[in-house]
Amino acid sequence: MGVEILVVGIIILISLFSIRISKKLEIPLLIMFLLVGMLAGSEGVGGIYFDNALVAQNIGTIALMFIIFSGGLETDKADVRKSLCPSGTLATLGVLLTAGLSSVAVYYLTDFTLKESLLFSAMVSSTDAAAVMSILGDSKLKKDVKSVVEIESGSNDPMAYALILFLLSFFKEGENPSLVVGVIFLLKQITLGAMIGYIFGVITLPLANYIKIVREEFLTIHLIAMLFICFGLATVFDGNGFLAIYIAGIMVGNKKFNYKLNSIRNMRLITWFMQIGMFVMLGLLVFPSQLLGYIAVGSLLSVIMIIVVRILIVYGLLLPFKFSSKEKLFISWAGLKGAVPIIFATMAVTEGLPNAQGMFNLTFYIVVFSVLLQGMTLKYVGKKLNLFEEEIETENVIEVDELEELALKKMLLHEDSEYVDKKIKELELPQGMLIVSIKRGDSYVTPKGDVVLLVGDTLLFSRN
């Protein structure tokens with residue numbers, strides 16, 4: 001056991017070192033993590049043999065849960081309202097059209113059957129939130145365009161997942177799915193997922209208050225617990241768990257609560273750890289020698305799917321919306337593939353489909369092609385299209401939430417608190433401790449000596 005733990009630690013450390021190489025060579029991080037996994041694998045210097053697609057699928061699903069929920073936490077509700085129609089159209093109709101149009105090319109360029117071509121195309125139909133957000137980061141891309149790209153990439157995985165589940169039913173004996181059944185299934189997935197996500201978005205923080213969680217570590221654990229329950233409950237009731245946690249994340253992230261900034265940072269830390277583990281694991285799962293036979297067909301399909309089909313669909317679906325040709329071109333180019341299609345491809349392996357390994361290898365190649373081509377040029381394309389806004393000096397600007405996290409101590413006054421109904425000047429505070437802020441509801445009260453403290457007040461302390 002000690003050797004295995006040692007190896008895991010070394011792989012994580014090498015993955016962190018690859019970040020430095022990524023910045024120097026301007027190679028997307030995701031590729032570096034995949035490369036670390038491939039080098040550590042059975043055909044690399046590490047010699048680690050790993051071919052358990054089910055384990056990879058389960059770990060990848062958990063990682064995606066954190067990635068999608070964390071993305072929701074950091075999504076501004078105002079951006080969602082503004083970009084809901086264009087991004088929602090791309091995330092639903094865009095996925096269906098991408099799968100449909102791409103399947104024609106897949107059918108004629110590979111030895112896949114029509115059913116396998118449709119399933120494969122559905123697996124690579126969605127853009128990847130982790131890939132898009134890691135590359136765009138905090139860039140000053142035009143806000144409207146960035147919102148559409150990020151919200152689409154965060155919300156189209158559920159549609160692709162629902163479509164894949166439906167298409168997999170065609171391969172199961174005793175099942176005779178129809179188009180009507182498929183439409184009902186997709187509507188059920190989306191409706192139940194959205195409903196359960198909304199419910200958890202409403203109850204998550206009030207439940208934390210009811211339990212009286214007063215430490216940021218426990219609040220983060222509470223968020224993780226609700227994340228798992230939300231996803232699990234949606235899945236049990238045949239709803240879309242990914243959609244549920246994305247909606248719940250958006251709702252929770254747009255509310256004010258204690259330790260909000262640190263909670264988001266904690267979730268971001270977990271998400272990055274999950275991303276490293278997921279991409280390294282997927283790198284371990286692939287056998288590089290098997291990819292050689294897919295270079296020609298994979299490159300051709302990549303050009304057709306991620307460039308030709310993507311541009312046609314984006315320009316067509318965004319026609320009713322007020323986007324310029326330059327903005328549509330960038331949104332088209334920002335349709336990066338990532339870990340999600342690879343994890344979806346493991347479903348074909350675990351289901352034991354005849355051409356499963358071919359689907360997995362071809363998916364892996366297309367993802368690498370997409371991240372290298374689009375990922376390495378995305379910011380360059382944005383700058384050439386003049387879609388980056390001017391940098392705004394923010395060095396000396398501190399948000400209220402950030403100021404709160406910099407304080408020494410925060411206290412929420414309950415009914416049994418000795419400070420309730422007392423004036424500040426009457427309090428016997430420890431030497432050197434000062435009340436620097438009082439949050440009452442959604443407003444702030446200046447902490448003067450005659451101010452009477454009430455139940456529900458949040459006091460912010462600092463040492464003098």
# chains A, B, ... in the order shown; residues from 1 in each chain; ligands from 1

$ residues_around --residues "A:Ala78" --least-positions-apart "2" --cutoff "12 Å" --atoms "only C-alpha atoms" --output "list in words"
Glu74, Thr75, Asp76, Val80, Arg81, Lys82, Ser83, Leu84, Lys143, Asp144, Ser147, Ile151, Ile250, Met251, Gly253 and Asn254 of chain A

$ write_last_selection --atoms "N, CA and C atoms" --output "mmCIF file, in the first residue's frame"
data_model
loop_
_atom_site.group_PDB
_atom_site.id
_atom_site.type_symbol
_atom_site.label_atom_id
_atom_site.label_comp_id
_atom_site.auth_asym_id
_atom_site.auth_seq_id
_atom_site.Cartn_x
_atom_site.Cartn_y
_atom_site.Cartn_z
ATOM 1 N N GLU A 74 -20.026 29.738 -9.503
ATOM 2 C CA GLU A 74 -19.339 30.949 -9.949
ATOM 3 C C GLU A 74 -20.002 31.584 -11.174
ATOM 4 N N THR A 75 -21.216 31.151 -11.485
ATOM 5 C CA THR A 75 -21.962 31.725 -12.605
ATOM 6 C C THR A 75 -22.915 32.797 -12.099
ATOM 7 N N ASP A 76 -22.796 33.997 -12.637
ATOM 8 C CA ASP A 76 -23.653 35.107 -12.231
ATOM 9 C C ASP A 76 -25.062 34.908 -12.784
ATOM 10 N N VAL A 80 -26.800 34.539 -16.597
ATOM 11 C CA VAL A 80 -27.669 33.437 -17.020
ATOM 12 C C VAL A 80 -28.933 33.986 -17.676
ATOM 13 N N ARG A 81 -29.550 34.982 -17.021
ATOM 14 C CA ARG A 81 -30.776 35.565 -17.577
ATOM 15 C C ARG A 81 -30.521 36.152 -18.962
ATOM 16 N N LYS A 82 -29.398 36.842 -19.083
ATOM 17 C CA LYS A 82 -29.095 37.533 -20.329
ATOM 18 C C LYS A 82 -28.728 36.562 -21.446
ATOM 19 N N SER A 83 -28.042 35.486 -21.089
ATOM 20 C CA SER A 83 -27.531 34.556 -22.107
ATOM 21 C C SER A 83 -28.316 33.258 -22.177
ATOM 22 N N LEU A 84 -29.429 33.170 -21.430
ATOM 23 C CA LEU A 84 -30.166 31.915 -21.337
ATOM 24 C C LEU A 84 -30.659 31.412 -22.692
ATOM 25 N N LYS A 143 -18.041 40.370 -22.331
ATOM 26 C CA LYS A 143 -18.858 39.686 -21.332
ATOM 27 C C LYS A 143 -19.992 38.859 -21.941
ATOM 28 N N ASP A 144 -20.712 39.424 -22.901
ATOM 29 C CA ASP A 144 -21.837 38.706 -23.506
ATOM 30 C C ASP A 144 -21.381 37.414 -24.175
ATOM 31 N N SER A 147 -20.138 34.825 -21.507
ATOM 32 C CA SER A 147 -21.260 34.214 -20.796
ATOM 33 C C SER A 147 -21.894 33.101 -21.614
ATOM 34 N N ILE A 151 -21.737 29.318 -20.228
ATOM 35 C CA ILE A 151 -23.017 28.722 -19.841
ATOM 36 C C ILE A 151 -23.372 27.569 -20.770
ATOM 37 N N ILE A 250 -25.881 27.297 -9.356
ATOM 38 C CA ILE A 250 -26.143 28.688 -9.744
ATOM 39 C C ILE A 250 -26.964 29.393 -8.674
ATOM 40 N N MET A 251 -27.997 28.722 -8.170
ATOM 41 C CA MET A 251 -28.879 29.341 -7.178
ATOM 42 C C MET A 251 -28.156 29.601 -5.863
ATOM 43 N N GLY A 253 -24.857 29.857 -5.432
ATOM 44 C CA GLY A 253 -23.763 30.810 -5.655
ATOM 45 C C GLY A 253 -24.209 32.247 -5.783
ATOM 46 N N ASN A 254 -25.478 32.472 -6.069
ATOM 47 C CA ASN A 254 -25.983 33.841 -6.220
ATOM 48 C C ASN A 254 -26.703 34.353 -4.976
#

$ residues_around --residues "stretch 312-328 of chain A" --least-positions-apart "4" --cutoff "8 Å" --atoms "only C-alpha atoms" --output "PyMOL selection string"
chain A and resi 86+89-90+94+97-98+145+308+332+385+387

$ write_last_selection --atoms "C-alpha atoms" --output "tab-separated table (two decimals), in the first residue's frame"
chain	number	residue	atom	x	y	z
A	86	PRO	CA	-28.72	31.71	-26.99
A	89	THR	CA	-30.46	26.89	-27.68
A	90	LEU	CA	-26.87	25.77	-28.30
A	94	GLY	CA	-27.07	22.42	-30.80
A	97	LEU	CA	-27.99	18.80	-34.47
A	98	THR	CA	-24.29	18.20	-33.84
A	145	VAL	CA	-19.73	36.32	-25.58
A	308	VAL	CA	-17.43	22.64	-40.20
A	332	SER	CA	-17.87	28.44	-32.86
A	385	LEU	CA	-11.38	39.45	-33.65
A	387	LEU	CA	-13.32	40.67	-28.62

$ residues_around --residues "stretch 39-56 of chain A" --least-positions-apart "4" --cutoff "7 Å" --atoms "only C-alpha atoms" --output "PyMOL selection string"
chain A and resi 35+60+281+284-285+287+346+349-350

$ residues_around --residues "A:Gly441" --least-positions-apart "4" --cutoff "12 Å" --atoms "only C-alpha atoms" --output "list in words"
Lys256, Phe257, Asn258, Leu412, Val445, Leu454, Val455, Gly456, Asp457, Thr458 and Leu459 of chain A

$ write_last_selection --atoms "C-alpha atoms" --output "PDB file, in the first residue's frame"
ATOM      1  CA  LYS A 256     -25.359  35.866   0.232  1.00  0.00           C
ATOM      2  CA  PHE A 257     -24.173  33.646   3.057  1.00  0.00           C
ATOM      3  CA  ASN A 258     -21.389  33.456   5.602  1.00  0.00           C
ATOM      4  CA  LEU A 412     -23.659  35.142  13.840  1.00  0.00           C
ATOM      5  CA  VAL A 445     -24.796  48.909  10.068  1.00  0.00           C
ATOM      6  CA  LEU A 454     -30.054  42.021  17.384  1.00  0.00           C
ATOM      7  CA  VAL A 455     -30.655  38.313  16.715  1.00  0.00           C
ATOM      8  CA  GLY A 456     -29.448  37.446  13.222  1.00  0.00           C
ATOM      9  CA  ASP A 457     -26.745  40.138  13.111  1.00  0.00           C
ATOM     10  CA  THR A 458     -23.406  39.029  11.703  1.00  0.00           C
ATOM     11  CA  LEU A 459     -20.494  40.677  13.499  1.00  0.00           C
TER      12      LEU A 459
END

$ closest_atom_pairs --of "stretch 307-405 of chain A" --to "stretch 122-141 of chain A" --cutoff "12 Å" --atoms "only C-alpha atoms" --output "tab-separated table"
residue	atom	partner	partner_atom	distance
A:Val309	CA	A:Ser125	CA	10.3
A:Arg310	CA	A:Ser125	CA	9.4
A:Ile313	CA	A:Ser125	CA	11.6
A:Glu327	CA	A:Leu141	CA	10.7
A:Phe330	CA	A:Leu141	CA	10.5
A:Ile331	CA	A:Val132	CA	10.9
A:Ser332	CA	A:Thr127	CA	10.5
A:Trp333	CA	A:Val132	CA	10.6
A:Ala334	CA	A:Val132	CA	7.0
A:Gly335	CA	A:Thr127	CA	5.2
A:Leu336	CA	A:Thr127	CA	5.3
A:Lys337	CA	A:Thr127	CA	5.1
A:Gly338	CA	A:Asp128	CA	5.1
A:Ala339	CA	A:Asp128	CA	7.1
A:Val340	CA	A:Asp128	CA	6.3
A:Pro341	CA	A:Val124	CA	5.0
A:Ile342	CA	A:Met123	CA	7.9
A:Ile343	CA	A:Met123	CA	8.7
A:Phe344	CA	A:Met123	CA	5.7
A:Ala345	CA	A:Met123	CA	6.2
A:Thr346	CA	A:Met123	CA	9.8
A:Met347	CA	A:Met123	CA	9.4
A:Ala348	CA	A:Met123	CA	9.5
A:Ala356	CA	A:Met123	CA	11.9
A:Met359	CA	A:Met123	CA	9.1
A:Phe360	CA	A:Met123	CA	9.6
A:Leu362	CA	A:Val124	CA	10.0
A:Thr363	CA	A:Val124	CA	6.9
A:Phe364	CA	A:Val124	CA	9.7
A:Tyr365	CA	A:Val124	CA	11.1
A:Ile366	CA	A:Val124	CA	8.4
A:Val367	CA	A:Val124	CA	8.3
A:Val368	CA	A:Ala131	CA	11.1
A:Ser370	CA	A:Ala131	CA	10.1
A:Val371	CA	A:Ala131	CA	7.6
A:Leu372	CA	A:Ala131	CA	11.0
A:Gln374	CA	A:Val132	CA	9.9
A:Gly375	CA	A:Ile135	CA	6.7
A:Met376	CA	A:Ile135	CA	8.6
A:Thr377	CA	A:Ile135	CA	10.0
A:Leu378	CA	A:Ile135	CA	7.9
A:Lys379	CA	A:Leu136	CA	7.3
A:Tyr380	CA	A:Leu136	CA	11.1
A:Val381	CA	A:Leu141	CA	11.1
A:Gly382	CA	A:Leu141	CA	7.4
A:Lys383	CA	A:Leu141	CA	8.7
A:Lys384	CA	A:Leu141	CA	11.9
A:Leu385	CA	A:Leu141	CA	10.7
A:Asn386	CA	A:Leu141	CA	9.2
A:Leu387	CA	A:Leu141	CA	5.9
A:Phe388	CA	A:Leu141	CA	4.3
A:Glu389	CA	A:Lys140	CA	5.4
A:Glu390	CA	A:Lys140	CA	7.1
A:Glu391	CA	A:Lys140	CA	6.8
A:Ile392	CA	A:Lys140	CA	9.0
A:Glu393	CA	A:Lys140	CA	11.9

$ residues_around --residues "A:Met32" --least-positions-apart "5" --cutoff "10 Å" --atoms "only C-alpha atoms" --output "NGL selection string"
:A and (14-19 or 21-22 or 27 or 37-38 or 276 or 279-280 or 283)

$ write_last_selection --atoms "N, CA and C atoms" --output "short mmCIF file (atom, residue, chain, number, x, y, z; two decimals), in the first residue's frame"
data_model
loop_
_atom_site.label_atom_id
_atom_site.label_comp_id
_atom_site.auth_asym_id
_atom_site.auth_seq_id
_atom_site.Cartn_x
_atom_site.Cartn_y
_atom_site.Cartn_z
N ILE A 14 4.24 15.65 -10.25
CA ILE A 14 4.62 15.83 -11.66
C ILE A 14 3.55 16.62 -12.41
N SER A 15 2.28 16.35 -12.08
CA SER A 15 1.17 17.09 -12.70
C SER A 15 1.27 18.58 -12.38
N LEU A 16 1.63 18.90 -11.14
CA LEU A 16 1.78 20.30 -10.76
C LEU A 16 2.98 20.93 -11.47
N PHE A 17 4.04 20.16 -11.61
CA PHE A 17 5.22 20.67 -12.33
C PHE A 17 4.88 20.93 -13.80
N SER A 18 3.97 20.12 -14.35
CA SER A 18 3.60 20.29 -15.75
C SER A 18 2.88 21.62 -16.00
N ILE A 19 2.34 22.21 -14.93
CA ILE A 19 1.69 23.52 -15.07
C ILE A 19 2.71 24.56 -15.52
N ILE A 21 5.43 23.96 -17.24
CA ILE A 21 5.75 23.67 -18.65
C ILE A 21 4.63 24.17 -19.55
N SER A 22 3.40 23.98 -19.09
CA SER A 22 2.22 24.41 -19.87
C SER A 22 2.26 25.91 -20.14
N ILE A 27 0.83 25.43 -23.84
CA ILE A 27 0.04 24.23 -24.14
C ILE A 27 -1.06 24.13 -23.09
N GLY A 37 -0.56 11.20 -17.50
CA GLY A 37 -1.18 9.89 -17.37
C GLY A 37 -0.66 8.89 -18.39
N MET A 38 -0.49 9.34 -19.62
CA MET A 38 0.01 8.44 -20.68
C MET A 38 1.45 8.01 -20.41
N ILE A 276 -7.27 17.22 -12.18
CA ILE A 276 -5.95 16.59 -12.33
C ILE A 276 -6.10 15.07 -12.30
N PHE A 279 -8.04 13.67 -15.54
CA PHE A 279 -7.29 13.67 -16.80
C PHE A 279 -6.10 12.71 -16.75
N VAL A 280 -5.43 12.64 -15.60
CA VAL A 280 -4.33 11.68 -15.46
C VAL A 280 -4.86 10.25 -15.60
N GLY A 283 -5.62 9.47 -19.11
CA GLY A 283 -4.35 9.23 -19.81
C GLY A 283 -3.83 7.83 -19.55
#

$ atom_distance --atom1 "atom CA of A:Asn156" --atom2 "atom CA of A:Asn58"
19.8 Å

$ select_by_dssp --residues "stretch 163-305 of chain A" --states "helix (DSSP H, G or I)" --output "PyMOL selection string"
chain A and resi 163-171+179-211+216-236+241-253+260-285+288-305

$ atom_distance --atom1 "atom CA of A:Ala208" --atom2 "atom CA of A:Asn240"
24.6 Å

$ decode --residues "stretch 27-76 of chain A" --atoms "N, CA and C atoms" --output "JSON list (two decimals), in the first residue's frame"
[["chain", "number", "residue", "atom", "x", "y", "z"],
["A", 27, "ILE", "N", 0.83, 25.43, -23.84],
["A", 27, "ILE", "CA", 0.04, 24.23, -24.14],
["A", 27, "ILE", "C", -1.06, 24.13, -23.09],
["A", 28, "PRO", "N", -2.31, 23.86, -23.48],
["A", 28, "PRO", "CA", -3.40, 23.76, -22.51],
["A", 28, "PRO", "C", -3.09, 22.75, -21.41],
["A", 29, "LEU", "N", -3.46, 23.10, -20.18],
["A", 29, "LEU", "CA", -3.18, 22.25, -19.04],
["A", 29, "LEU", "C", -3.75, 20.85, -19.19],
["A", 30, "LEU", "N", -4.93, 20.76, -19.78],
["A", 30, "LEU", "CA", -5.59, 19.47, -19.89],
["A", 30, "LEU", "C", -4.73, 18.47, -20.66],
["A", 31, "ILE", "N", -4.07, 18.96, -21.70],
["A", 31, "ILE", "CA", -3.19, 18.10, -22.48],
["A", 31, "ILE", "C", -2.01, 17.63, -21.63],
["A", 32, "MET", "N", -1.48, 18.53, -20.80],
["A", 32, "MET", "CA", -0.35, 18.17, -19.96],
["A", 32, "MET", "C", -0.74, 17.08, -18.97],
["A", 33, "PHE", "N", -1.94, 17.19, -18.38],
["A", 33, "PHE", "CA", -2.39, 16.18, -17.42],
["A", 33, "PHE", "C", -2.62, 14.83, -18.11],
["A", 34, "LEU", "N", -3.20, 14.88, -19.32],
["A", 34, "LEU", "CA", -3.37, 13.65, -20.09],
["A", 34, "LEU", "C", -2.01, 13.02, -20.40],
["A", 35, "LEU", "N", -1.05, 13.86, -20.76],
["A", 35, "LEU", "CA", 0.29, 13.38, -21.11],
["A", 35, "LEU", "C", 0.96, 12.73, -19.90],
["A", 36, "VAL", "N", 0.77, 13.33, -18.72],
["A", 36, "VAL", "CA", 1.33, 12.74, -17.50],
["A", 36, "VAL", "C", 0.76, 11.34, -17.30],
["A", 37, "GLY", "N", -0.56, 11.20, -17.50],
["A", 37, "GLY", "CA", -1.18, 9.89, -17.37],
["A", 37, "GLY", "C", -0.66, 8.89, -18.39],
["A", 38, "MET", "N", -0.49, 9.34, -19.62],
["A", 38, "MET", "CA", 0.01, 8.44, -20.68],
["A", 38, "MET", "C", 1.45, 8.01, -20.41],
["A", 39, "LEU", "N", 2.26, 8.95, -19.91],
["A", 39, "LEU", "CA", 3.66, 8.62, -19.58],
["A", 39, "LEU", "C", 3.74, 7.66, -18.40],
["A", 40, "ALA", "N", 2.77, 7.79, -17.48],
["A", 40, "ALA", "CA", 2.76, 6.91, -16.31],
["A", 40, "ALA", "C", 2.14, 5.56, -16.62],
["A", 41, "GLY", "N", 1.49, 5.44, -17.78],
["A", 41, "GLY", "CA", 0.77, 4.23, -18.15],
["A", 41, "GLY", "C", 1.64, 3.07, -18.58],
["A", 42, "SER", "N", 0.98, 1.99, -19.01],
["A", 42, "SER", "CA", 1.68, 0.74, -19.33],
["A", 42, "SER", "C", 2.63, 0.88, -20.51],
["A", 43, "GLU", "N", 2.35, 1.83, -21.42],
["A", 43, "GLU", "CA", 3.22, 2.04, -22.58],
["A", 43, "GLU", "C", 4.16, 3.23, -22.38],
["A", 44, "GLY", "N", 4.15, 3.79, -21.17],
["A", 44, "GLY", "CA", 5.02, 4.91, -20.86],
["A", 44, "GLY", "C", 6.12, 4.49, -19.91],
["A", 45, "VAL", "N", 6.84, 5.47, -19.38],
["A", 45, "VAL", "CA", 7.97, 5.16, -18.49],
["A", 45, "VAL", "C", 7.51, 4.61, -17.15],
["A", 46, "GLY", "N", 6.25, 4.93, -16.76],
["A", 46, "GLY", "CA", 5.75, 4.48, -15.46],
["A", 46, "GLY", "C", 5.39, 3.01, -15.44],
["A", 47, "GLY", "N", 4.91, 2.51, -16.56],
["A", 47, "GLY", "CA", 4.57, 1.09, -16.65],
["A", 47, "GLY", "C", 3.36, 0.68, -15.83],
["A", 48, "ILE", "N", 2.49, 1.64, -15.49],
["A", 48, "ILE", "CA", 1.29, 1.31, -14.69],
["A", 48, "ILE", "C", 0.19, 0.81, -15.64],
["A", 49, "TYR", "N", -0.26, -0.41, -15.42],
["A", 49, "TYR", "CA", -1.31, -0.99, -16.28],
["A", 49, "TYR", "C", -2.68, -0.67, -15.69],
["A", 50, "PHE", "N", -3.49, 0.00, -16.47],
["A", 50, "PHE", "CA", -4.84, 0.35, -16.01],
["A", 50, "PHE", "C", -5.79, 0.29, -17.20],
["A", 51, "ASP", "N", -6.79, -0.60, -17.12],
["A", 51, "ASP", "CA", -7.74, -0.72, -18.22],
["A", 51, "ASP", "C", -9.18, -0.89, -17.71],
["A", 52, "ASN", "N", -9.43, -0.45, -16.48],
["A", 52, "ASN", "CA", -10.76, -0.61, -15.88],
["A", 52, "ASN", "C", -11.63, 0.59, -16.25],
["A", 53, "ALA", "N", -12.41, 0.42, -17.31],
["A", 53, "ALA", "CA", -13.25, 1.52, -17.80],
["A", 53, "ALA", "C", -14.35, 1.88, -16.80],
["A", 54, "LEU", "N", -14.84, 0.89, -16.05],
["A", 54, "LEU", "CA", -15.92, 1.17, -15.09],
["A", 54, "LEU", "C", -15.42, 2.05, -13.96],
["A", 55, "VAL", "N", -14.22, 1.75, -13.45],
["A", 55, "VAL", "CA", -13.63, 2.60, -12.39],
["A", 55, "VAL", "C", -13.40, 4.01, -12.92],
["A", 56, "ALA", "N", -12.87, 4.10, -14.14],
["A", 56, "ALA", "CA", -12.63, 5.41, -14.75],
["A", 56, "ALA", "C", -13.94, 6.17, -14.92],
["A", 57, "GLN", "N", -14.99, 5.47, -15.33],
["A", 57, "GLN", "CA", -16.28, 6.11, -15.53],
["A", 57, "GLN", "C", -16.85, 6.63, -14.20],
["A", 58, "ASN", "N", -16.76, 5.83, -13.15],
["A", 58, "ASN", "CA", -17.30, 6.23, -11.84],
["A", 58, "ASN", "C", -16.52, 7.40, -11.25],
["A", 59, "ILE", "N", -15.19, 7.32, -11.31],
["A", 59, "ILE", "CA", -14.37, 8.43, -10.80],
["A", 59, "ILE", "C", -14.59, 9.68, -11.64],
["A", 60, "GLY", "N", -14.68, 9.50, -12.96],
["A", 60, "GLY", "CA", -14.93, 10.64, -13.84],
["A", 60, "GLY", "C", -16.26, 11.29, -13.58],
["A", 61, "THR", "N", -17.29, 10.50, -13.28],
["A", 61, "THR", "CA", -18.61, 11.05, -12.98],
["A", 61, "THR", "C", -18.58, 11.90, -11.72],
["A", 62, "ILE", "N", -17.89, 11.41, -10.69],
["A", 62, "ILE", "CA", -17.77, 12.18, -9.45],
["A", 62, "ILE", "C", -17.00, 13.48, -9.71],
["A", 63, "ALA", "N", -15.94, 13.39, -10.49],
["A", 63, "ALA", "CA", -15.16, 14.59, -10.82],
["A", 63, "ALA", "C", -16.03, 15.60, -11.57],
["A", 64, "LEU", "N", -16.82, 15.11, -12.52],
["A", 64, "LEU", "CA", -17.70, 16.01, -13.29],
["A", 64, "LEU", "C", -18.74, 16.67, -12.39],
["A", 65, "MET", "N", -19.20, 15.94, -11.38],
["A", 65, "MET", "CA", -20.15, 16.52, -10.44],
["A", 65, "MET", "C", -19.56, 17.77, -9.78],
["A", 66, "PHE", "N", -18.33, 17.67, -9.32],
["A", 66, "PHE", "CA", -17.67, 18.81, -8.68],
["A", 66, "PHE", "C", -17.42, 19.93, -9.69],
["A", 67, "ILE", "N", -16.98, 19.58, -10.89],
["A", 67, "ILE", "CA", -16.67, 20.58, -11.91],
["A", 67, "ILE", "C", -17.92, 21.37, -12.30],
["A", 68, "ILE", "N", -19.02, 20.66, -12.53],
["A", 68, "ILE", "CA", -20.26, 21.32, -12.96],
["A", 68, "ILE", "C", -20.86, 22.13, -11.83],
["A", 69, "PHE", "N", -20.86, 21.58, -10.61],
["A", 69, "PHE", "CA", -21.42, 22.32, -9.46],
["A", 69, "PHE", "C", -20.60, 23.57, -9.17],
["A", 70, "SER", "N", -19.28, 23.42, -9.18],
["A", 70, "SER", "CA", -18.40, 24.56, -8.93],
["A", 70, "SER", "C", -18.57, 25.63, -10.00],
["A", 71, "GLY", "N", -18.73, 25.19, -11.26],
["A", 71, "GLY", "CA", -18.99, 26.14, -12.34],
["A", 71, "GLY", "C", -20.28, 26.89, -12.12],
["A", 72, "GLY", "N", -21.30, 26.19, -11.62],
["A", 72, "GLY", "CA", -22.57, 26.84, -11.30],
["A", 72, "GLY", "C", -22.43, 27.85, -10.18],
["A", 73, "LEU", "N", -21.65, 27.52, -9.14],
["A", 73, "LEU", "CA", -21.44, 28.44, -8.02],
["A", 73, "LEU", "C", -20.85, 29.78, -8.47],
["A", 74, "GLU", "N", -20.03, 29.74, -9.50],
["A", 74, "GLU", "CA", -19.34, 30.95, -9.95],
["A", 74, "GLU", "C", -20.00, 31.58, -11.17],
["A", 75, "THR", "N", -21.22, 31.15, -11.48],
["A", 75, "THR", "CA", -21.96, 31.72, -12.61],
["A", 75, "THR", "C", -22.91, 32.80, -12.10],
["A", 76, "ASP", "N", -22.80, 34.00, -12.64],
["A", 76, "ASP", "CA", -23.65, 35.11, -12.23],
["A", 76, "ASP", "C", -25.06, 34.91, -12.78]]
